file final05.cif (mmCIF, C-alpha atoms)
data_model
#
loop_
_atom_site.group_PDB
_atom_site.id
_atom_site.type_symbol
_atom_site.label_atom_id
_atom_site.label_comp_id
_atom_site.auth_asym_id
_atom_site.auth_seq_id
_atom_site.Cartn_x
_atom_site.Cartn_y
_atom_site.Cartn_z
ATOM 1 C CA MET A 1 44.107 -47.145 -12.292
ATOM 2 C CA SER A 2 43.113 -45.519 -9.015
ATOM 3 C CA LYS A 3 39.619 -47.012 -9.268
ATOM 4 C CA GLY A 4 40.996 -50.495 -9.715
ATOM 5 C CA LYS A 5 43.360 -49.937 -6.831
ATOM 6 C CA ASP A 6 40.504 -48.872 -4.528
ATOM 7 C CA GLN A 7 38.474 -51.937 -5.454
ATOM 8 C CA GLY A 8 41.400 -54.208 -4.752
ATOM 9 C CA GLU A 9 42.002 -52.829 -1.273
ATOM 10 C CA LYS A 10 40.620 -54.792 1.638
ATOM 11 C CA LYS A 11 37.979 -53.225 3.826
ATOM 12 C CA LYS A 12 39.019 -52.405 7.353
ATOM 13 C CA PHE A 13 37.495 -54.466 10.112
ATOM 14 C CA ASN A 14 34.584 -52.734 11.844
ATOM 15 C CA LEU A 15 32.946 -54.261 14.917
ATOM 16 C CA PHE A 16 29.553 -52.697 14.160
ATOM 17 C CA ASN A 17 29.564 -54.028 10.591
ATOM 18 C CA PHE A 18 30.711 -57.397 11.951
ATOM 19 C CA PHE A 19 27.503 -57.755 13.983
ATOM 20 C CA ALA A 20 25.255 -55.822 11.620
ATOM 21 C CA ARG A 21 25.841 -58.005 8.554
ATOM 22 C CA LYS A 22 23.069 -59.936 6.886
ATOM 23 C CA SER A 23 22.502 -63.582 7.636
ATOM 24 C CA ASP A 24 23.568 -64.322 4.040
ATOM 25 C CA PRO A 25 25.988 -61.977 2.214
ATOM 26 C CA ALA A 26 24.111 -62.274 -1.073
ATOM 27 C CA GLY A 27 20.608 -62.304 0.413
ATOM 28 C CA VAL A 28 18.368 -65.308 1.001
ATOM 29 C CA ASP A 29 19.339 -68.504 -0.716
ATOM 30 C CA PRO A 30 16.399 -69.665 -2.895
ATOM 31 C CA ASN A 31 17.282 -73.275 -2.060
ATOM 32 C CA GLU A 32 17.166 -72.646 1.685
ATOM 33 C CA PRO A 33 14.865 -75.041 3.577
ATOM 34 C CA LEU A 34 12.159 -72.790 5.034
ATOM 35 C CA ILE A 35 10.756 -73.809 8.387
ATOM 36 C CA THR A 36 7.200 -73.163 7.200
ATOM 37 C CA ASP A 37 7.733 -75.471 4.206
ATOM 38 C CA ASN A 38 9.549 -78.532 5.481
ATOM 39 C CA PRO A 39 10.944 -78.246 9.037
ATOM 40 C CA ASN A 40 12.146 -81.843 9.294
ATOM 41 C CA PHE A 41 15.038 -83.533 11.062
ATOM 42 C CA VAL A 42 17.462 -83.424 8.113
ATOM 43 C CA ASN A 43 16.784 -79.790 7.253
ATOM 44 C CA PHE A 44 17.598 -78.787 10.815
ATOM 45 C CA PHE A 45 21.221 -79.849 10.423
ATOM 46 C CA LYS A 46 21.461 -78.302 6.960
ATOM 47 C CA LEU A 47 20.202 -74.995 8.286
ATOM 48 C CA PHE A 48 22.332 -75.204 11.431
ATOM 49 C CA VAL A 49 25.535 -75.669 9.409
ATOM 50 C CA ARG A 50 24.568 -72.891 7.007
ATOM 51 C CA LYS A 51 23.868 -70.463 9.849
ATOM 52 C CA PHE A 52 26.681 -71.602 12.140
ATOM 53 C CA SER A 53 28.698 -68.376 11.921
ATOM 54 C CA ASN A 54 25.654 -66.266 12.772
ATOM 55 C CA ILE A 55 24.719 -68.592 15.623
ATOM 56 C CA THR A 56 28.150 -68.078 17.176
ATOM 57 C CA LEU A 57 27.911 -64.306 16.717
ATOM 58 C CA ILE A 58 24.507 -64.254 18.396
ATOM 59 C CA ASN A 59 26.010 -66.245 21.262
ATOM 60 C CA ILE A 60 28.595 -63.504 21.738
ATOM 61 C CA MET A 61 25.771 -60.959 21.875
ATOM 62 C CA ILE A 62 23.955 -63.082 24.478
ATOM 63 C CA VAL A 63 27.089 -63.301 26.631
ATOM 64 C CA LEU A 64 27.796 -59.563 26.398
ATOM 65 C CA THR A 65 24.190 -58.687 27.235
ATOM 66 C CA ASN A 66 24.304 -60.919 30.312
ATOM 67 C CA PHE A 67 27.478 -59.258 31.586
ATOM 68 C CA PRO A 68 26.385 -59.557 35.287
ATOM 69 C CA MET A 69 27.307 -63.248 35.171
ATOM 70 C CA PHE A 70 30.956 -62.133 35.084
ATOM 71 C CA PHE A 71 30.423 -60.566 38.528
ATOM 72 C CA PHE A 72 29.414 -64.016 39.785
ATOM 73 C CA LEU A 73 32.491 -65.606 38.199
ATOM 74 C CA ILE A 74 34.710 -63.009 39.857
ATOM 75 C CA GLY A 75 32.983 -63.638 43.185
ATOM 76 C CA ILE A 76 33.529 -67.402 43.114
ATOM 77 C CA SER A 77 37.075 -67.102 41.754
ATOM 78 C CA GLY A 78 38.414 -66.539 45.278
ATOM 79 C CA PHE A 79 40.571 -63.640 44.150
ATOM 80 C CA PHE A 80 39.201 -61.323 46.852
ATOM 81 C CA SER A 81 38.491 -64.094 49.383
ATOM 82 C CA GLY A 82 40.397 -65.170 52.443
ATOM 83 C CA HIS A 83 41.993 -68.614 52.428
ATOM 84 C CA THR A 84 42.806 -70.799 55.416
ATOM 85 C CA THR A 85 42.662 -74.426 56.517
ATOM 86 C CA ALA A 86 40.369 -76.310 58.886
ATOM 87 C CA PRO A 87 39.727 -79.947 59.890
ATOM 88 C CA ALA A 88 38.013 -81.868 57.131
ATOM 89 C CA TYR A 89 35.782 -83.890 59.500
ATOM 90 C CA ASN A 90 33.104 -82.656 61.893
ATOM 91 C CA LEU A 91 34.143 -85.259 64.499
ATOM 92 C CA TYR A 92 37.534 -83.608 64.986
ATOM 93 C CA PRO A 93 36.513 -81.276 67.879
ATOM 94 C CA HIS A 94 34.948 -84.143 69.864
ATOM 95 C CA LEU A 95 37.876 -86.456 69.190
ATOM 96 C CA SER A 96 40.316 -83.731 70.126
ATOM 97 C CA GLY A 97 38.674 -83.427 73.520
ATOM 98 C CA ILE A 98 38.881 -87.179 74.080
ATOM 99 C CA VAL A 99 42.545 -87.394 73.071
ATOM 100 C CA SER A 100 43.505 -84.465 75.266
ATOM 101 C CA GLU A 101 42.184 -86.335 78.329
ATOM 102 C CA LYS A 102 43.578 -89.783 77.606
ATOM 103 C CA LEU A 103 45.726 -90.861 74.692
ATOM 104 C CA SER A 104 45.604 -94.475 73.556
ATOM 105 C CA PRO A 105 46.746 -96.237 70.377
ATOM 106 C CA ALA A 106 43.147 -96.377 69.113
ATOM 107 C CA SER A 107 42.376 -92.723 69.822
ATOM 108 C CA ALA A 108 45.728 -91.675 68.390
ATOM 109 C CA ALA A 109 44.956 -93.546 65.151
ATOM 110 C CA LEU A 110 41.514 -91.925 64.931
ATOM 111 C CA PHE A 111 43.024 -88.543 65.712
ATOM 112 C CA GLY A 112 45.540 -88.980 62.899
ATOM 113 C CA THR A 113 42.729 -89.736 60.454
ATOM 114 C CA TYR A 114 40.146 -87.152 61.520
ATOM 115 C CA SER A 115 42.618 -84.306 61.995
ATOM 116 C CA LEU A 116 43.315 -84.080 58.281
ATOM 117 C CA GLN A 117 43.069 -80.480 57.081
ATOM 118 C CA THR A 118 41.201 -79.052 54.110
ATOM 119 C CA ASN A 119 41.310 -75.688 52.396
ATOM 120 C CA VAL A 120 38.592 -73.232 53.426
ATOM 121 C CA THR A 121 37.588 -70.093 51.553
ATOM 122 C CA VAL A 122 36.201 -67.183 53.538
ATOM 123 C CA LEU A 123 34.122 -64.757 51.492
ATOM 124 C CA SER A 124 35.051 -61.102 51.782
ATOM 125 C CA PRO A 125 32.732 -58.057 51.609
ATOM 126 C CA THR A 126 33.953 -57.546 48.034
ATOM 127 C CA ASP A 127 32.766 -61.036 47.113
ATOM 128 C CA TYR A 128 29.313 -60.270 48.482
ATOM 129 C CA VAL A 129 29.198 -57.051 46.452
ATOM 130 C CA PHE A 130 29.916 -59.037 43.281
ATOM 131 C CA PHE A 131 27.237 -61.592 44.186
ATOM 132 C CA TRP A 132 24.657 -58.815 44.680
ATOM 133 C CA LEU A 133 25.657 -57.262 41.337
ATOM 134 C CA THR A 134 24.929 -60.646 39.744
ATOM 135 C CA LEU A 135 21.236 -59.991 40.448
ATOM 136 C CA LEU A 136 21.295 -57.546 37.523
ATOM 137 C CA LEU A 137 20.678 -60.690 35.463
ATOM 138 C CA VAL A 138 17.024 -60.201 36.391
ATOM 139 C CA PHE A 139 17.000 -57.353 33.855
ATOM 140 C CA THR A 140 19.377 -58.724 31.229
ATOM 141 C CA ILE A 141 18.076 -62.289 30.872
ATOM 142 C CA GLY A 142 14.837 -61.125 29.263
ATOM 143 C CA ILE A 143 16.639 -58.670 26.975
ATOM 144 C CA SER A 144 19.078 -61.287 25.677
ATOM 145 C CA SER A 145 16.339 -63.891 25.269
ATOM 146 C CA VAL A 146 13.996 -61.637 23.288
ATOM 147 C CA GLY A 147 16.757 -60.333 21.014
ATOM 148 C CA SER A 148 18.241 -63.747 20.274
ATOM 149 C CA VAL A 149 14.848 -65.437 19.831
ATOM 150 C CA TYR A 150 13.856 -62.870 17.200
ATOM 151 C CA LEU A 151 17.077 -63.407 15.233
ATOM 152 C CA HIS A 152 16.839 -67.195 15.390
ATOM 153 C CA ARG A 153 13.156 -67.166 14.524
ATOM 154 C CA ASN A 154 13.832 -65.133 11.389
ATOM 155 C CA MET A 155 16.765 -67.331 10.405
ATOM 156 C CA VAL A 156 14.743 -70.529 10.600
ATOM 157 C CA ARG A 157 12.017 -68.840 8.558
ATOM 158 C CA GLY A 158 14.562 -68.048 5.840
ATOM 159 C CA GLU A 159 14.330 -64.293 6.334
ATOM 160 C CA PRO A 160 17.399 -62.021 6.137
ATOM 161 C CA VAL A 161 18.515 -60.554 9.464
ATOM 162 C CA PHE A 162 20.825 -57.740 10.489
ATOM 163 C CA LEU A 163 22.249 -59.079 13.713
ATOM 164 C CA LEU A 164 22.914 -55.963 15.781
ATOM 165 C CA SER A 165 20.166 -53.650 14.496
ATOM 166 C CA ASP A 166 17.474 -56.361 14.656
ATOM 167 C CA TYR A 167 18.648 -57.427 18.116
ATOM 168 C CA VAL A 168 18.472 -53.900 19.528
ATOM 169 C CA GLY A 169 15.324 -52.960 17.602
ATOM 170 C CA THR A 170 13.421 -56.001 18.859
ATOM 171 C CA VAL A 171 14.296 -55.228 22.472
ATOM 172 C CA LYS A 172 13.172 -51.603 22.058
ATOM 173 C CA ARG A 173 9.850 -52.589 20.483
ATOM 174 C CA ASN A 174 9.077 -55.115 23.226
ATOM 175 C CA LEU A 175 10.879 -53.483 26.159
ATOM 176 C CA LYS A 176 7.944 -53.448 28.603
ATOM 177 C CA GLN A 177 6.983 -57.097 28.174
ATOM 178 C CA THR A 178 10.662 -58.042 27.981
ATOM 179 C CA LEU A 179 11.428 -56.579 31.414
ATOM 180 C CA ILE A 180 8.223 -57.892 33.001
ATOM 181 C CA PHE A 181 8.589 -61.459 31.774
ATOM 182 C CA GLY A 182 12.363 -61.343 32.276
ATOM 183 C CA PHE A 183 11.726 -60.702 35.973
ATOM 184 C CA ILE A 184 9.091 -63.468 36.146
ATOM 185 C CA ASP A 185 11.409 -65.821 34.243
ATOM 186 C CA SER A 186 14.315 -65.150 36.611
ATOM 187 C CA LEU A 187 12.075 -65.635 39.650
ATOM 188 C CA ILE A 188 10.705 -68.976 38.449
ATOM 189 C CA ILE A 189 14.168 -70.246 37.486
ATOM 190 C CA GLY A 190 15.493 -69.202 40.893
ATOM 191 C CA ILE A 191 12.685 -71.049 42.687
ATOM 192 C CA LEU A 192 13.224 -74.226 40.662
ATOM 193 C CA VAL A 193 16.988 -74.166 41.276
ATOM 194 C CA TYR A 194 16.375 -73.612 44.989
ATOM 195 C CA ASP A 195 13.968 -76.564 45.065
ATOM 196 C CA VAL A 196 16.561 -78.882 43.532
ATOM 197 C CA ALA A 197 19.263 -77.683 45.950
ATOM 198 C CA PHE A 198 16.893 -77.999 48.934
ATOM 199 C CA LEU A 199 15.963 -81.579 48.065
ATOM 200 C CA ARG A 200 19.605 -82.546 47.690
ATOM 201 C CA VAL A 201 20.644 -81.073 51.045
ATOM 202 C CA ASN A 202 17.544 -81.934 53.094
ATOM 203 C CA SER A 203 16.819 -85.492 52.085
ATOM 204 C CA MET A 204 13.753 -87.116 53.625
ATOM 205 C CA SER A 205 12.631 -90.722 53.337
ATOM 206 C CA GLY A 206 13.713 -92.348 50.077
ATOM 207 C CA MET A 207 10.270 -92.598 48.485
ATOM 208 C CA THR A 208 9.190 -89.076 49.515
ATOM 209 C CA THR A 209 12.388 -87.527 48.227
ATOM 210 C CA GLY A 210 12.137 -89.460 44.968
ATOM 211 C CA ILE A 211 8.555 -88.321 44.329
ATOM 212 C CA MET A 212 9.304 -84.686 45.146
ATOM 213 C CA PHE A 213 12.478 -84.681 43.058
ATOM 214 C CA ALA A 214 10.614 -86.202 40.101
ATOM 215 C CA ALA A 215 7.912 -83.536 40.472
ATOM 216 C CA VAL A 216 10.521 -80.744 40.435
ATOM 217 C CA ILE A 217 12.231 -82.223 37.371
ATOM 218 C CA PHE A 218 8.858 -82.396 35.603
ATOM 219 C CA LEU A 219 8.220 -78.725 36.405
ATOM 220 C CA ILE A 220 11.683 -77.786 35.130
ATOM 221 C CA VAL A 221 11.090 -79.592 31.822
ATOM 222 C CA LEU A 222 7.601 -78.099 31.459
ATOM 223 C CA TYR A 223 8.793 -74.581 32.193
ATOM 224 C CA PHE A 224 11.723 -75.030 29.805
ATOM 225 C CA LEU A 225 9.128 -75.478 27.064
ATOM 226 C CA ILE A 226 6.798 -72.747 28.301
ATOM 227 C CA ARG A 227 9.465 -70.029 28.442
ATOM 228 C CA THR A 228 10.585 -70.837 24.880
ATOM 229 C CA TYR A 229 7.035 -70.436 23.599
ATOM 230 C CA ILE A 230 6.508 -67.217 25.563
ATOM 231 C CA TYR A 231 9.672 -65.513 24.310
ATOM 232 C CA THR A 232 8.696 -66.483 20.751
ATOM 233 C CA MET A 233 5.209 -65.083 21.240
ATOM 234 C CA ILE A 234 6.607 -61.822 22.644
ATOM 235 C CA VAL A 235 8.421 -61.129 19.365
ATOM 236 C CA THR A 236 5.564 -62.457 17.202
ATOM 237 C CA PHE A 237 2.276 -61.277 18.710
ATOM 238 C CA ASP A 238 0.814 -58.411 20.670
ATOM 239 C CA MET A 239 -1.012 -59.987 23.608
ATOM 240 C CA PRO A 240 -0.987 -59.940 27.429
ATOM 241 C CA ILE A 241 1.613 -62.079 29.181
ATOM 242 C CA ILE A 242 -1.067 -64.025 31.052
ATOM 243 C CA LYS A 243 -2.551 -65.123 27.713
ATOM 244 C CA MET A 244 0.935 -66.104 26.526
ATOM 245 C CA PHE A 245 1.263 -68.376 29.564
ATOM 246 C CA LYS A 246 -2.047 -70.018 28.705
ATOM 247 C CA ASN A 247 -1.140 -70.557 25.043
ATOM 248 C CA ALA A 248 2.359 -71.754 25.921
ATOM 249 C CA LEU A 249 0.989 -74.321 28.353
ATOM 250 C CA ILE A 250 -1.457 -75.615 25.732
ATOM 251 C CA MET A 251 1.205 -75.897 23.016
ATOM 252 C CA SER A 252 3.607 -77.575 25.436
ATOM 253 C CA VAL A 253 1.057 -80.420 25.449
ATOM 254 C CA VAL A 254 -0.470 -80.456 21.958
ATOM 255 C CA GLY A 255 2.849 -79.894 20.176
ATOM 256 C CA PHE A 256 4.175 -83.126 21.639
ATOM 257 C CA LYS A 257 6.292 -84.425 18.729
ATOM 258 C CA ARG A 258 8.309 -81.275 18.102
ATOM 259 C CA ASN A 259 8.585 -80.599 21.832
ATOM 260 C CA ILE A 260 10.124 -84.021 22.392
ATOM 261 C CA PHE A 261 12.711 -83.359 19.680
ATOM 262 C CA TYR A 262 13.505 -80.018 21.324
ATOM 263 C CA LEU A 263 13.889 -81.579 24.767
ATOM 264 C CA LEU A 264 16.002 -84.499 23.557
ATOM 265 C CA GLY A 265 18.200 -82.251 21.429
ATOM 266 C CA SER A 266 18.708 -79.831 24.324
ATOM 267 C CA ALA A 267 19.561 -82.720 26.650
ATOM 268 C CA VAL A 268 22.179 -83.999 24.186
ATOM 269 C CA VAL A 269 23.803 -80.561 23.925
ATOM 270 C CA ILE A 270 23.872 -80.055 27.703
ATOM 271 C CA VAL A 271 25.169 -83.577 28.444
ATOM 272 C CA LEU A 272 27.912 -83.267 25.816
ATOM 273 C CA ASN A 273 28.977 -79.952 27.302
ATOM 274 C CA TYR A 274 29.028 -81.528 30.775
ATOM 275 C CA LEU A 275 31.092 -84.503 29.578
ATOM 276 C CA LEU A 276 33.606 -82.178 27.925
ATOM 277 C CA LEU A 277 33.749 -80.205 31.160
ATOM 278 C CA MET A 278 34.656 -83.385 33.027
ATOM 279 C CA LEU A 279 37.050 -84.744 30.398
ATOM 280 C CA TYR A 280 38.807 -81.552 29.342
ATOM 281 C CA PHE A 281 37.860 -78.548 31.443
ATOM 282 C CA PRO A 282 39.150 -75.727 29.149
ATOM 283 C CA ILE A 283 36.910 -76.768 26.233
ATOM 284 C CA GLY A 284 33.929 -77.539 28.447
ATOM 285 C CA ILE A 285 34.057 -74.155 30.186
ATOM 286 C CA ILE A 286 34.477 -72.122 27.004
ATOM 287 C CA LEU A 287 31.642 -73.705 24.981
ATOM 288 C CA PRO A 288 28.842 -71.820 26.814
ATOM 289 C CA PHE A 289 30.610 -68.574 25.895
ATOM 290 C CA MET A 290 30.919 -69.618 22.244
ATOM 291 C CA ILE A 291 27.913 -71.624 21.069
ATOM 292 C CA VAL A 292 25.747 -73.491 23.618
ATOM 293 C CA PRO A 293 23.082 -70.869 24.596
ATOM 294 C CA SER A 294 22.638 -69.737 20.992
ATOM 295 C CA ALA A 295 22.482 -73.321 19.704
ATOM 296 C CA LEU A 296 19.759 -74.151 22.236
ATOM 297 C CA THR A 297 17.794 -71.061 21.192
ATOM 298 C CA PHE A 298 18.145 -71.987 17.515
ATOM 299 C CA LEU A 299 16.958 -75.527 18.242
ATOM 300 C CA GLY A 300 14.052 -74.135 20.257
ATOM 301 C CA GLU A 301 12.877 -71.846 17.468
ATOM 302 C CA TYR A 302 13.166 -74.593 14.870
ATOM 303 C CA CYS A 303 10.936 -76.796 16.999
ATOM 304 C CA VAL A 304 8.382 -74.473 18.583
ATOM 305 C CA PHE A 305 7.664 -71.975 15.807
ATOM 306 C CA PRO A 306 5.906 -74.526 13.547
ATOM 307 C CA ASN A 307 3.557 -75.258 16.451
ATOM 308 C CA ILE A 308 2.845 -71.552 16.822
ATOM 309 C CA MET A 309 2.210 -71.287 13.089
ATOM 310 C CA LYS A 310 -0.117 -74.284 13.228
ATOM 311 C CA TYR A 311 -2.154 -73.438 16.324
ATOM 312 C CA MET A 312 -2.029 -69.643 16.525
ATOM 313 C CA VAL A 313 -1.441 -68.237 13.027
ATOM 314 C CA LYS A 314 -3.157 -70.557 10.551
ATOM 315 C CA ASP A 315 -6.175 -70.956 12.822
ATOM 316 C CA ASP A 316 -6.796 -67.193 12.927
#
call {"tool": "encode", "arguments": {"input": "final05.cif", "output": "structure tokens"}}
result
Amino acid sequence: MSKGKDQGEKKKFNLFNFFARKSDPAGVDPNEPLITDNPNFVNFFKLFVRKFSNITLINIMIVLTNFPMFFFLIGISGFFSGHTTAPAYNLYPHLSGIVSEKLSPASAALFGTYSLQTNVTVLSPTDYVFFWLTLLLVFTIGISSVGSVYLHRNMVRGEPVFLLSDYVGTVKRNLKQTLIFGFIDSLIIGILVYDVAFLRVNSMSGMTTGIMFAAVIFLIVLYFLIRTYIYTMIVTFDMPIIKMFKNALIMSVVGFKRNIFYLLGSAVVIVLNYLLLMLYFPIGIILPFMIVPSALTFLGEYCVFPNIMKYMVKDD
């Protein structure tokens, strides 16, 4: 009787076991569409639905690993900032001087329009401390990318994974290259973001700005592909990072078909998230913390790993 009672009792929830479970409770499904067998458009959605719970769990791990981003959110929240008001228009000081000398109906009307006030946030020293702490992402972005790429790569190959142990073990095995490329990755992303912001603020002639902006967008798209290939190669091969850059650049060109699917799919996910952010802010802001980064990584592995198998594994 006691044995039957023990078997009928529910197991207590354990956070470690929650993340350490296998990708499939009963092992690998023999009917699972393996990426090396038939990685087509239809099988992507079948596999995505089947692995959805694990994809969301991996997203939680990505968010927790990149904890410095919460410092940035605290910094921009305005909780520690000073708040005041100021004129909304830059012409207000000049107009104020004119009105003070001679008031007329016209100047009074302009003064009434250009003296409108707007809220101004003044950053405090605490805010700057949080912004500097955000730079810790230089170390965590590579760690989260390597760990999540390994898990997603194994899932799309139909291999069983233990989420937490595989995540941590992969980072430990590739720690040196993870930190080195994580720093390079953060630096390149920072430069590209700065370029976009610079072009928006400092606009030149229309044609010049358009050409430069198009060039920056092209570099962003190209590097988006390159970094996906490099993180996959870090967890798959043992080679210098400079050689990974070379191979990633080549496969970003020769693997055109699957790369296009990856880019279009990523664009759809990002645009949908943006539209939800505009239409209903609570859902739009919570999706990146629930599914978006992990879904993009899963899509990336489904698309780029067949190219790696074709051009780097089967050719050896």
call {"tool": "residues_around", "arguments": {"input": "final05.cif", "residues": "Phe289 (chain A)", "least_positions_apart": "3", "cutoff": "8 Å", "atoms": "only C-alpha atoms", "output": "short mmCIF file (atom, residue, chain, number, x, y, z; two decimals) with C-alpha atoms, in the frame of the given file"}}
result
data_model
loop_
_atom_site.label_atom_id
_atom_site.label_comp_id
_atom_site.auth_asym_id
_atom_site.auth_seq_id
_atom_site.Cartn_x
_atom_site.Cartn_y
_atom_site.Cartn_z
CA ASN A 59 26.01 -66.24 21.26
CA ILE A 60 28.60 -63.50 21.74
CA VAL A 63 27.09 -63.30 26.63
CA ILE A 285 34.06 -74.16 30.19
CA ILE A 286 34.48 -72.12 27.00
CA VAL A 292 25.75 -73.49 23.62
CA PRO A 293 23.08 -70.87 24.60
#
call {"tool": "atom_distance", "arguments": {"input": "final05.cif", "atom1": "CA of Thr65 (chain A)", "atom2": "CA of Leu296 (chain A)"}}
result
16.8 Å
call {"tool": "atom_distance", "arguments": {"input": "final05.cif", "atom1": "CA of Phe183 (chain A)", "atom2": "CA of Phe139 (chain A)"}}
result
6.6 Å
call {"tool": "atom_distance", "arguments": {"input": "final05.cif", "atom1": "CA of Ala214 (chain A)", "atom2": "CA of Leu192 (chain A)"}}
result
12.3 Å
call {"tool": "resolve_selection", "arguments": {"input": "final05.cif", "expression": "the PyMOL selection byres ((chain A and resi 238-253) around 8)", "output": "list in words"}}
result
Gln177, Phe181, Leu222, Leu225, Ile226, Arg227, Tyr229, Ile230, Met233, Ile234, Thr236, Phe237, Val254, Gly255, Phe256, Asn259, Asn307, Ile308 and Tyr311 of chain A
call {"tool": "resolve_selection", "arguments": {"input": "final05.cif", "expression": "the PyMOL selection byres ((chain A and resi 77-83) around 8)", "output": "number ranges by chain"}}
result
A: 73-76, 84-85, 119-124, 126-127
call {"tool": "residues_around", "arguments": {"input": "final05.cif", "residues": "Tyr150 (chain A)", "least_positions_apart": "3", "cutoff": "10 Å", "atoms": "all atoms listed in the file", "output": "number ranges by chain"}}
result
A: 145-147, 153-155, 161, 163, 166-167, 170-171, 231-236, 297, 301
call {"tool": "resolve_selection", "arguments": {"input": "final05.cif", "expression": "the PyMOL selection byres ((chain A and resi 261) around 12)", "output": "list in words"}}
result
Pro39, Asn40, Phe41, Phe44, Leu225, Gly255, Phe256, Lys257, Arg258, Asn259, Ile260, Tyr262, Leu263, Leu264, Gly265, Ser266, Ala267, Val268, Leu296, Leu299, Gly300, Glu301, Tyr302, Cys303 and Val304 of chain A
call {"tool": "closest_residue", "arguments": {"input": "final05.cif", "among": "A:Met290, A:Pro68, A:Leu133, A:Asn202", "to": "Asn273 (chain A)", "atoms": "only C-alpha atoms"}}
result
A:Met290
call {"tool": "closest_residue", "arguments": {"input": "final05.cif", "among": "A:Thr140, A:Asn38, A:Asn54, A:Thr178", "to": "Leu164 (chain A)", "atoms": "only C-alpha atoms"}}
result
A:Asn54
call {"tool": "axis_aligned_box", "arguments": {"input": "final05.cif", "around": "region 61-74 of chain A", "padding_each_side": "3 Å", "output": "AutoDock Vina command-line options"}}
result
--center_x 29.3 --center_y -62.1 --center_z 30.9 --size_x 16.8 --size_y 12.9 --size_z 24.0
call {"tool": "closest_residue", "arguments": {"input": "final05.cif", "among": "A:Ile58, A:Leu272, A:Val168, A:Val156", "to": "Asn43 (chain A)", "atoms": "all atoms listed in the file"}}
result
A:Val156
call {"tool": "closest_residue", "arguments": {"input": "final05.cif", "among": "A:Leu175, A:Leu151, A:Val42, A:Met309", "to": "Met61 (chain A)", "atoms": "all atoms listed in the file"}}
result
A:Leu151
call {"tool": "closest_residue", "arguments": {"input": "final05.cif", "among": "A:Ile283, A:Ala86, A:Val313, A:Ala295", "to": "Phe45 (chain A)", "atoms": "all atoms listed in the file"}}
result
A:Ala295
call {"tool": "closest_residue", "arguments": {"input": "final05.cif", "among": "A:Thr209, A:Ser148, A:Thr228, A:Asn66", "to": "Thr134 (chain A)", "atoms": "all atoms listed in the file"}}
result
A:Asn66
